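To be precise, the following lines are final23.txt, and they hold compact mmCIF, C-alpha atoms and all ligand atoms.
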# COMPACT_ATOMS: atom_id res chain seq x y z
CA MET T 1 31.11 212.65 232.20
CA SER T 2 31.41 216.47 232.15
CA GLU T 3 29.01 216.46 235.08
CA PHE T 4 31.55 214.49 237.05
CA ARG T 5 34.41 216.67 235.87
CA VAL T 6 32.71 219.68 237.43
CA ALA T 7 32.03 217.69 240.60
CA ARG T 8 35.69 216.67 240.69
CA GLU T 9 36.87 220.26 240.27
CA ARG T 10 34.57 221.33 243.10
CA MET T 11 35.96 218.54 245.27
CA VAL T 12 39.51 219.70 244.61
CA GLU T 13 38.58 223.32 245.36
CA ARG T 14 37.10 222.17 248.67
CA LEU T 15 40.27 220.23 249.53
CA ARG T 16 42.49 223.16 248.54
CA ALA T 17 40.45 225.57 250.69
CA ALA T 18 40.82 223.19 253.62
CA GLY T 19 44.61 223.07 253.11
CA LEU T 20 44.62 219.28 253.16
CA ALA T 21 47.14 218.63 250.40
CA GLY T 22 49.60 220.30 248.05
CA GLU T 23 49.21 220.88 244.33
CA ALA T 24 50.74 217.57 243.22
CA VAL T 25 48.18 215.52 245.17
CA LEU T 26 45.33 217.86 244.24
CA GLY T 27 46.32 217.72 240.58
CA ALA T 28 46.24 213.92 240.61
CA MET T 29 42.86 213.94 242.38
CA ALA T 30 41.55 216.36 239.75
CA GLU T 31 42.60 213.92 237.05
CA LEU T 32 41.45 210.62 238.55
CA PRO T 33 37.77 209.70 237.97
CA ARG T 34 36.82 208.64 241.48
CA HIS T 35 33.33 207.55 240.39
CA ARG T 36 34.89 204.66 238.41
CA PHE T 37 35.87 203.04 241.72
CA VAL T 38 32.33 202.76 243.13
CA GLU T 39 29.03 201.29 241.96
CA PRO T 40 27.53 203.40 239.13
CA ALA T 41 24.55 204.21 241.36
CA LEU T 42 26.94 205.95 243.79
CA GLY T 43 28.73 207.94 241.08
CA ARG T 44 27.21 211.27 242.04
CA ARG T 45 28.27 210.82 245.66
CA ALA T 46 31.86 209.96 244.81
CA TYR T 47 32.97 213.60 245.02
CA GLY T 48 31.13 214.48 248.23
CA ARG T 49 32.32 214.34 251.81
CA ASP T 50 31.20 210.78 252.52
CA SER T 51 33.08 207.54 252.65
CA LEU T 52 31.32 205.13 250.27
CA PRO T 53 30.45 201.44 250.54
CA ILE T 54 32.42 199.18 248.19
CA GLY T 55 30.91 195.85 249.32
CA HIS T 56 32.00 193.22 251.84
CA ASP T 57 31.43 195.75 254.65
CA GLN T 58 34.35 197.87 253.41
CA THR T 59 34.52 201.51 252.35
CA LEU T 60 36.35 203.92 250.11
CA SER T 61 37.54 206.69 252.45
CA HIS T 62 36.19 210.16 251.79
CA PRO T 63 38.29 212.54 249.68
CA GLU T 64 39.47 214.60 252.66
CA VAL T 65 41.04 211.53 254.27
CA VAL T 66 42.61 210.30 251.03
CA ALA T 67 44.09 213.76 250.34
CA PHE T 68 45.50 214.11 253.85
CA MET T 69 46.94 210.59 254.01
CA THR T 70 48.52 210.88 250.58
CA GLU T 71 50.07 214.24 251.46
CA SER T 72 51.31 212.82 254.77
CA LEU T 73 53.38 210.27 252.86
CA ARG T 74 55.63 213.05 251.47
CA LEU T 75 55.89 211.08 248.28
CA ALA T 76 58.33 211.79 245.45
CA PRO T 77 57.98 210.41 241.90
CA GLY T 78 59.76 207.11 241.34
CA GLN T 79 59.49 205.95 244.95
CA ARG T 80 58.42 202.42 245.79
CA VAL T 81 55.17 202.39 247.73
CA LEU T 82 53.36 199.54 249.44
CA GLU T 83 49.67 200.03 250.16
CA VAL T 84 47.93 197.67 252.58
CA GLY T 85 44.17 197.58 251.94
CA THR T 86 43.54 198.01 248.20
CA GLY T 87 39.75 198.22 248.64
CA SER T 88 38.29 199.91 245.56
CA GLY T 89 41.74 200.56 244.05
CA TYR T 90 41.31 204.36 244.12
CA GLN T 91 44.21 205.10 246.48
CA ALA T 92 46.59 202.84 244.55
CA ALA T 93 45.61 204.55 241.29
CA LEU T 94 46.24 207.95 242.88
CA LEU T 95 49.71 206.87 244.02
CA CYS T 96 50.36 205.63 240.50
CA LEU T 97 49.36 209.00 238.98
CA LEU T 98 51.79 210.63 241.40
CA GLY T 99 54.58 208.66 239.80
CA ALA T 100 55.03 205.98 242.47
CA GLU T 101 55.86 202.34 241.80
CA VAL T 102 52.90 200.73 243.52
CA TRP T 103 52.50 197.39 245.30
CA THR T 104 49.14 196.80 246.99
CA VAL T 105 47.72 193.96 249.12
CA GLU T 106 44.04 193.27 249.81
CA ARG T 107 42.62 190.49 251.97
CA ILE T 108 39.25 190.22 250.13
CA ALA T 109 39.72 188.74 246.65
CA PRO T 110 36.52 190.08 245.01
CA LEU T 111 37.50 193.62 246.00
CA LEU T 112 40.85 193.18 244.30
CA ASP T 113 39.08 191.89 241.19
CA GLY T 114 36.97 195.07 241.15
CA ALA T 115 40.04 197.26 241.63
CA ARG T 116 41.80 195.51 238.74
CA ALA T 117 38.79 196.11 236.49
CA ALA T 118 38.87 199.85 237.27
CA TRP T 119 42.64 200.05 236.68
CA THR T 120 42.25 198.23 233.38
CA GLU T 121 39.56 200.67 232.25
CA LEU T 122 41.87 203.56 233.15
CA ARG T 123 44.92 201.87 231.60
CA LEU T 124 46.77 201.74 234.89
CA ALA T 125 46.66 197.96 235.44
CA ASP T 126 50.14 197.22 234.14
CA ARG T 127 51.63 199.86 236.46
CA ILE T 128 50.26 198.43 239.73
CA ARG T 129 51.34 195.14 241.34
CA ALA T 130 48.50 193.73 243.40
CA ARG T 131 47.76 190.52 245.25
CA VAL T 132 45.42 188.93 247.76
CA GLY T 133 46.94 188.38 251.18
CA ASP T 134 47.22 189.45 254.76
CA GLY T 135 48.92 192.83 254.69
CA HIS T 136 50.43 192.25 258.14
CA ALA T 137 53.10 190.31 256.24
CA GLY T 138 53.74 193.16 253.77
CA TRP T 139 55.30 192.16 250.44
CA PRO T 140 58.82 190.90 251.25
CA GLU T 141 59.83 190.38 247.60
CA GLY T 142 59.15 194.06 246.85
CA ALA T 143 60.96 195.46 249.91
CA PRO T 144 62.46 197.80 250.84
CA PHE T 145 59.69 200.34 250.30
CA ASP T 146 60.30 204.08 250.44
CA ARG T 147 56.75 204.59 251.64
CA ILE T 148 54.09 202.33 253.17
CA LEU T 149 50.44 203.33 253.50
CA VAL T 150 48.01 201.26 255.55
CA THR T 151 44.30 201.95 255.05
CA ALA T 152 42.86 199.66 257.75
CA ALA T 153 43.58 199.99 261.46
CA PRO T 154 45.73 197.42 263.32
CA ARG T 155 46.08 197.50 267.10
CA GLU T 156 49.85 197.70 266.88
CA LEU T 157 52.42 198.62 264.28
CA PRO T 158 52.90 195.39 262.24
CA PRO T 159 56.59 194.48 262.69
CA HIS T 160 56.98 193.08 259.15
CA LEU T 161 55.87 196.40 257.69
CA LEU T 162 58.44 198.30 259.71
CA ALA T 163 61.10 195.79 258.68
CA GLN T 164 60.20 196.34 254.99
CA LEU T 165 60.41 200.14 255.24
CA ALA T 166 63.56 201.63 253.70
CA HIS T 167 65.89 203.55 255.98
CA GLY T 168 64.70 207.16 255.97
CA GLY T 169 61.27 205.99 254.74
CA PHE T 170 57.81 206.89 256.01
CA LEU T 171 54.97 204.59 256.99
CA VAL T 172 51.52 206.15 257.51
CA LEU T 173 48.84 204.12 259.29
CA PRO T 174 45.81 204.35 261.54
CA LEU T 175 46.51 202.74 264.91
CA ASP T 176 43.70 201.48 267.09
CA GLY T 177 45.36 201.34 270.48
CA GLY T 178 42.08 201.48 272.42
CA GLY T 179 40.53 204.85 273.33
CA GLY T 180 40.08 205.79 269.65
CA GLN T 181 42.12 205.54 266.49
CA ARG T 182 45.05 207.85 265.72
CA LEU T 183 46.68 208.43 262.36
CA VAL T 184 50.42 207.97 262.86
CA ARG T 185 53.44 208.63 260.66
CA VAL T 186 56.47 206.48 261.42
CA ARG T 187 59.93 207.41 260.15
CA ARG T 188 62.59 204.75 260.11
CA GLU T 189 66.13 205.84 260.93
CA GLY T 190 68.43 202.82 260.86
CA GLU T 191 67.04 200.41 263.40
CA ARG T 192 65.06 203.13 265.19
CA ALA T 193 61.50 204.27 264.46
CA PHE T 194 60.12 207.70 265.33
CA ARG T 195 56.35 208.20 265.58
CA GLU T 196 54.41 211.37 264.89
CA ASP T 197 50.72 211.71 265.76
CA LEU T 198 48.73 213.19 262.85
CA GLY T 199 45.35 213.27 264.60
CA ALA T 200 42.19 211.29 265.18
CA CYS T 201 40.84 209.07 262.42
CA SER T 202 38.33 206.32 261.71
CA PHE T 203 39.16 203.25 259.60
CA VAL T 204 37.88 199.71 259.29
CA PRO T 205 39.87 197.25 261.43
CA MET T 206 42.84 195.44 259.92
CA ARG T 207 41.98 191.74 259.93
CA ALA T 208 44.23 188.77 259.31
CA ARG T 209 41.90 186.34 257.52
CA THR T 210 41.81 186.43 253.71
CA VAL T 211 38.51 185.96 251.84
CA GLY T 212 38.19 184.16 248.49
CA GLU T 213 40.87 183.82 245.90
CA SER T 214 41.64 185.52 242.63
CA PRO T 215 41.37 183.20 239.62
N1 LIG T 301 42.52 202.18 250.02
C1 LIG T 301 41.18 201.75 249.73
C2 LIG T 301 40.58 202.44 248.55
O1 LIG T 301 41.25 203.26 247.91
O2 LIG T 301 39.43 202.13 248.23
C3 LIG T 301 40.25 201.84 250.91
C4 LIG T 301 40.57 200.82 251.89
S1 LIG T 301 39.35 200.36 253.03
C5 LIG T 301 39.24 201.76 254.07
C6 LIG T 301 40.40 199.22 253.95
C7 LIG T 301 40.72 197.95 253.19
O3 LIG T 301 41.67 197.22 253.96
C8 LIG T 301 39.52 197.03 253.00
O4 LIG T 301 39.37 196.75 251.64
C9 LIG T 301 39.91 195.79 253.79
O5 LIG T 301 39.42 194.59 253.22
C10 LIG T 301 41.43 195.87 253.75
N2 LIG T 301 42.11 195.09 254.80
C11 LIG T 301 41.77 194.93 256.10
N3 LIG T 301 42.68 194.14 256.73
C12 LIG T 301 43.61 193.80 255.79
C13 LIG T 301 44.78 193.00 255.81
N4 LIG T 301 45.20 192.37 256.92
N5 LIG T 301 45.48 192.86 254.68
C14 LIG T 301 45.10 193.46 253.52
N6 LIG T 301 43.98 194.24 253.44
C15 LIG T 301 43.25 194.41 254.56

Could you write out this structure as structure tokens?
Ligand code: SAM
Amino acid sequence: MSEFRVARERMVERLRAAGLAGEAVLGAMAELPRHRFVEPALGRRAYGRDSLPIGHDQTLSHPEVVAFMTESLRLAPGQRVLEVGTGSGYQAALLCLLGAEVWTVERIAPLLDGARAAWTELRLADRIRARVGDGHAGWPEGAPFDRILVTAAPRELPPHLLAQLAHGGFLVLPLDGGGGQRLVRVRREGERAFREDLGACSFVPMRARTVGESP
């Protein structure tokens, strides 16, 4: 494991040098064993610059993207956060280490099972609410959320997610409006929403159909 600790420290140094996130996010990334969220055979690559396959044609985004998206949320401890697209469970675990109350929705049941196994191993499972579903619908029972993070790209801002965002809250998502994806931060002010372009990005598409069911 010390081998991975060194790799993790190097990853954090790389992210710090690139100015992608502040010390709170970097500290949490230094603590969280990213290799536990991928197949053991990919462990060595978990701290590199690649996104990694997690099965079912899905990926765990590379550390640079995770750092930047997490920082873009402007998260404070104790805030309620909805993540759409649990995938491996790494991002949700990171939000948890940052002191957020985390709700996360994944459309592919076996991925959520894998994420739960990793959280259990790391003793985070009882701090993360997770379910299988179509994230376009958000999680109405948990709303309003101070922050919402979407890790798959819809074509348009899902209206239910905006409706579940607290007033003054931030929603960060990749939008695939044709002509390339853009990472966008939306701030809700009363009934109005203000969008800020954070740059080009590349995410798997957000799909509506769920796959499998958790036991
Ligand atoms: N945040 C993840 C992590 O830490 O590993 C990476 C997410 S991966 C880039 C995007 C995920 O979004 C995939 O697991 C995919 O199945 C999921 N997804 C796509 N459309 C969805 C939807 N409508 N509702 C919920 N999850 C969705």

Next item on the list: For ligand LIG 301 (chain T), collect every residue having any atom at a distance of at most 6 Å from a ligand atom (counting only C-alpha atoms and all ligand atoms); output as an MDAnalysis selection string.
Entry: chainID T and resid 58:61 84:91 105:108 133:136 151:152 203:204 206:208

Quick one: write out the picked residues with C-alpha atoms as an mmCIF file, in the frame of the given file?
data_model
loop_
_atom_site.group_PDB
_atom_site.id
_atom_site.type_symbol
_atom_site.label_atom_id
_atom_site.label_comp_id
_atom_site.auth_asym_id
_atom_site.auth_seq_id
_atom_site.Cartn_x
_atom_site.Cartn_y
_atom_site.Cartn_z
ATOM 1 C CA GLN T 58 34.350 197.870 253.410
ATOM 2 C CA THR T 59 34.520 201.510 252.350
ATOM 3 C CA LEU T 60 36.350 203.920 250.110
ATOM 4 C CA SER T 61 37.540 206.690 252.450
ATOM 5 C CA VAL T 84 47.930 197.670 252.580
ATOM 6 C CA GLY T 85 44.170 197.580 251.940
ATOM 7 C CA THR T 86 43.540 198.010 248.200
ATOM 8 C CA GLY T 87 39.750 198.220 248.640
ATOM 9 C CA SER T 88 38.290 199.910 245.560
ATOM 10 C CA GLY T 89 41.740 200.560 244.050
ATOM 11 C CA TYR T 90 41.310 204.360 244.120
ATOM 12 C CA GLN T 91 44.210 205.100 246.480
ATOM 13 C CA VAL T 105 47.720 193.960 249.120
ATOM 14 C CA GLU T 106 44.040 193.270 249.810
ATOM 15 C CA ARG T 107 42.620 190.490 251.970
ATOM 16 C CA ILE T 108 39.250 190.220 250.130
ATOM 17 C CA GLY T 133 46.940 188.380 251.180
ATOM 18 C CA ASP T 134 47.220 189.450 254.760
ATOM 19 C CA GLY T 135 48.920 192.830 254.690
ATOM 20 C CA HIS T 136 50.430 192.250 258.140
ATOM 21 C CA THR T 151 44.300 201.950 255.050
ATOM 22 C CA ALA T 152 42.860 199.660 257.750
ATOM 23 C CA PHE T 203 39.160 203.250 259.600
ATOM 24 C CA VAL T 204 37.880 199.710 259.290
ATOM 25 C CA MET T 206 42.840 195.440 259.920
ATOM 26 C CA ARG T 207 41.980 191.740 259.930
ATOM 27 C CA ALA T 208 44.230 188.770 259.310
#

Notebook entry, point to check: In Å to one decimal, how far is atom CA of T:Gly177 from atom CA of T:Asp50?
Noted result: 24.7 Å

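For the atom pair formed by atom CA of T:Gln181 and atom CA of T:Ala18, the distance is 21.9 Å, given to one decimal.
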
Near stretch 138-149 of chain T, 12 Å: stretch 65-111 of chain T residue rows, closest pairs, all atoms listed in the file, as a tab-separated table:
residue	atom	partner	partner_atom	distance
T:Val66	CA	T:Leu149	CA	10.8
T:Phe68	CA	T:Leu149	CA	11.9
T:Met69	CA	T:Leu149	CA	8.1
T:Thr70	CA	T:Leu149	CA	8.3
T:Glu71	CA	T:Leu149	CA	11.1
T:Ser72	CA	T:Leu149	CA	9.6
T:Leu73	CA	T:Arg147	CA	6.7
T:Arg74	CA	T:Arg147	CA	8.5
T:Leu75	CA	T:Arg147	CA	7.4
T:Ala76	CA	T:Asp146	CA	9.4
T:Pro77	CA	T:Asp146	CA	10.9
T:Gly78	CA	T:Asp146	CA	9.6
T:Gln79	CA	T:Asp146	CA	5.9
T:Arg80	CA	T:Phe145	CA	5.1
T:Val81	CA	T:Arg147	CA	4.8
T:Leu82	CA	T:Ile148	CA	4.7
T:Glu83	CA	T:Leu149	CA	4.8
T:Val84	CA	T:Leu149	CA	6.3
T:Gly85	CA	T:Leu149	CA	8.6
T:Thr86	CA	T:Leu149	CA	10.2
T:Gln91	CA	T:Leu149	CA	9.6
T:Ala92	CA	T:Leu149	CA	9.8
T:Leu95	CA	T:Leu149	CA	10.1
T:Ala100	CA	T:Arg147	CA	9.4
T:Glu101	CA	T:Phe145	CA	9.5
T:Val102	CA	T:Phe145	CA	9.6
T:Trp103	CA	T:Gly142	CA	7.6
T:Thr104	CA	T:Trp139	CA	8.4
T:Val105	CA	T:Gly138	CA	7.6
T:Glu106	CA	T:Gly138	CA	10.5
T:Arg107	CA	T:Gly138	CA	11.6

Residues of the last selection are to be written out with C-alpha atoms, as a PDB file, in the frame of the given file.
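Generated output (result02.pdb):
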ATOM      1  CA  VAL T  66      42.610 210.300 251.030  1.00  0.00           C
ATOM      2  CA  PHE T  68      45.500 214.110 253.850  1.00  0.00           C
ATOM      3  CA  MET T  69      46.940 210.590 254.010  1.00  0.00           C
ATOM      4  CA  THR T  70      48.520 210.880 250.580  1.00  0.00           C
ATOM      5  CA  GLU T  71      50.070 214.240 251.460  1.00  0.00           C
ATOM      6  CA  SER T  72      51.310 212.820 254.770  1.00  0.00           C
ATOM      7  CA  LEU T  73      53.380 210.270 252.860  1.00  0.00           C
ATOM      8  CA  ARG T  74      55.630 213.050 251.470  1.00  0.00           C
ATOM      9  CA  LEU T  75      55.890 211.080 248.280  1.00  0.00           C
ATOM     10  CA  ALA T  76      58.330 211.790 245.450  1.00  0.00           C
ATOM     11  CA  PRO T  77      57.980 210.410 241.900  1.00  0.00           C
ATOM     12  CA  GLY T  78      59.760 207.110 241.340  1.00  0.00           C
ATOM     13  CA  GLN T  79      59.490 205.950 244.950  1.00  0.00           C
ATOM     14  CA  ARG T  80      58.420 202.420 245.790  1.00  0.00           C
ATOM     15  CA  VAL T  81      55.170 202.390 247.730  1.00  0.00           C
ATOM     16  CA  LEU T  82      53.360 199.540 249.440  1.00  0.00           C
ATOM     17  CA  GLU T  83      49.670 200.030 250.160  1.00  0.00           C
ATOM     18  CA  VAL T  84      47.930 197.670 252.580  1.00  0.00           C
ATOM     19  CA  GLY T  85      44.170 197.580 251.940  1.00  0.00           C
ATOM     20  CA  THR T  86      43.540 198.010 248.200  1.00  0.00           C
ATOM     21  CA  GLN T  91      44.210 205.100 246.480  1.00  0.00           C
ATOM     22  CA  ALA T  92      46.590 202.840 244.550  1.00  0.00           C
ATOM     23  CA  LEU T  95      49.710 206.870 244.020  1.00  0.00           C
ATOM     24  CA  ALA T 100      55.030 205.980 242.470  1.00  0.00           C
ATOM     25  CA  GLU T 101      55.860 202.340 241.800  1.00  0.00           C
ATOM     26  CA  VAL T 102      52.900 200.730 243.520  1.00  0.00           C
ATOM     27  CA  TRP T 103      52.500 197.390 245.300  1.00  0.00           C
ATOM     28  CA  THR T 104      49.140 196.800 246.990  1.00  0.00           C
ATOM     29  CA  VAL T 105      47.720 193.960 249.120  1.00  0.00           C
ATOM     30  CA  GLU T 106      44.040 193.270 249.810  1.00  0.00           C
ATOM     31  CA  ARG T 107      42.620 190.490 251.970  1.00  0.00           C
TER      32      ARG T 107
END

Spatial neighbours of T:Leu124, 10 Å, all atoms listed in the file, chain gap at least 3 places, as a PDB file with C-alpha atoms, in the coordinates of the input:
ATOM      1  CA  ALA T  92      46.590 202.840 244.550  1.00  0.00           C
ATOM      2  CA  ALA T  93      45.610 204.550 241.290  1.00  0.00           C
ATOM      3  CA  CYS T  96      50.360 205.630 240.500  1.00  0.00           C
ATOM      4  CA  LEU T  97      49.360 209.000 238.980  1.00  0.00           C
ATOM      5  CA  ARG T 116      41.800 195.510 238.740  1.00  0.00           C
ATOM      6  CA  ALA T 117      38.790 196.110 236.490  1.00  0.00           C
ATOM      7  CA  ALA T 118      38.870 199.850 237.270  1.00  0.00           C
ATOM      8  CA  TRP T 119      42.640 200.050 236.680  1.00  0.00           C
ATOM      9  CA  THR T 120      42.250 198.230 233.380  1.00  0.00           C
ATOM     10  CA  GLU T 121      39.560 200.670 232.250  1.00  0.00           C
ATOM     11  CA  ARG T 127      51.630 199.860 236.460  1.00  0.00           C
ATOM     12  CA  ILE T 128      50.260 198.430 239.730  1.00  0.00           C
TER      13      ILE T 128
END

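In this structure, atom CA of T:His160 sits 23.5 Å away from atom CA of T:Leu111.
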
Check: Which one is closest to T:Leu52: T:Pro154, T:Arg34, T:Gly190, T:Ala67? Count all atoms listed in the file.
Finding: T:Arg34

Check: So, counting all atoms listed in the file, which residue among T:Val12, T:Ala200, T:Ala115, T:Ala137 is closest to T:Pro159?
Finding: T:Ala137

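For T:Glu191, the non-local neighbours within 9 Å, defined as residues at least 3 positions apart in the same chain or in other chains and counting all atoms listed in the file, are T:Ala163, T:His167, T:Arg188.
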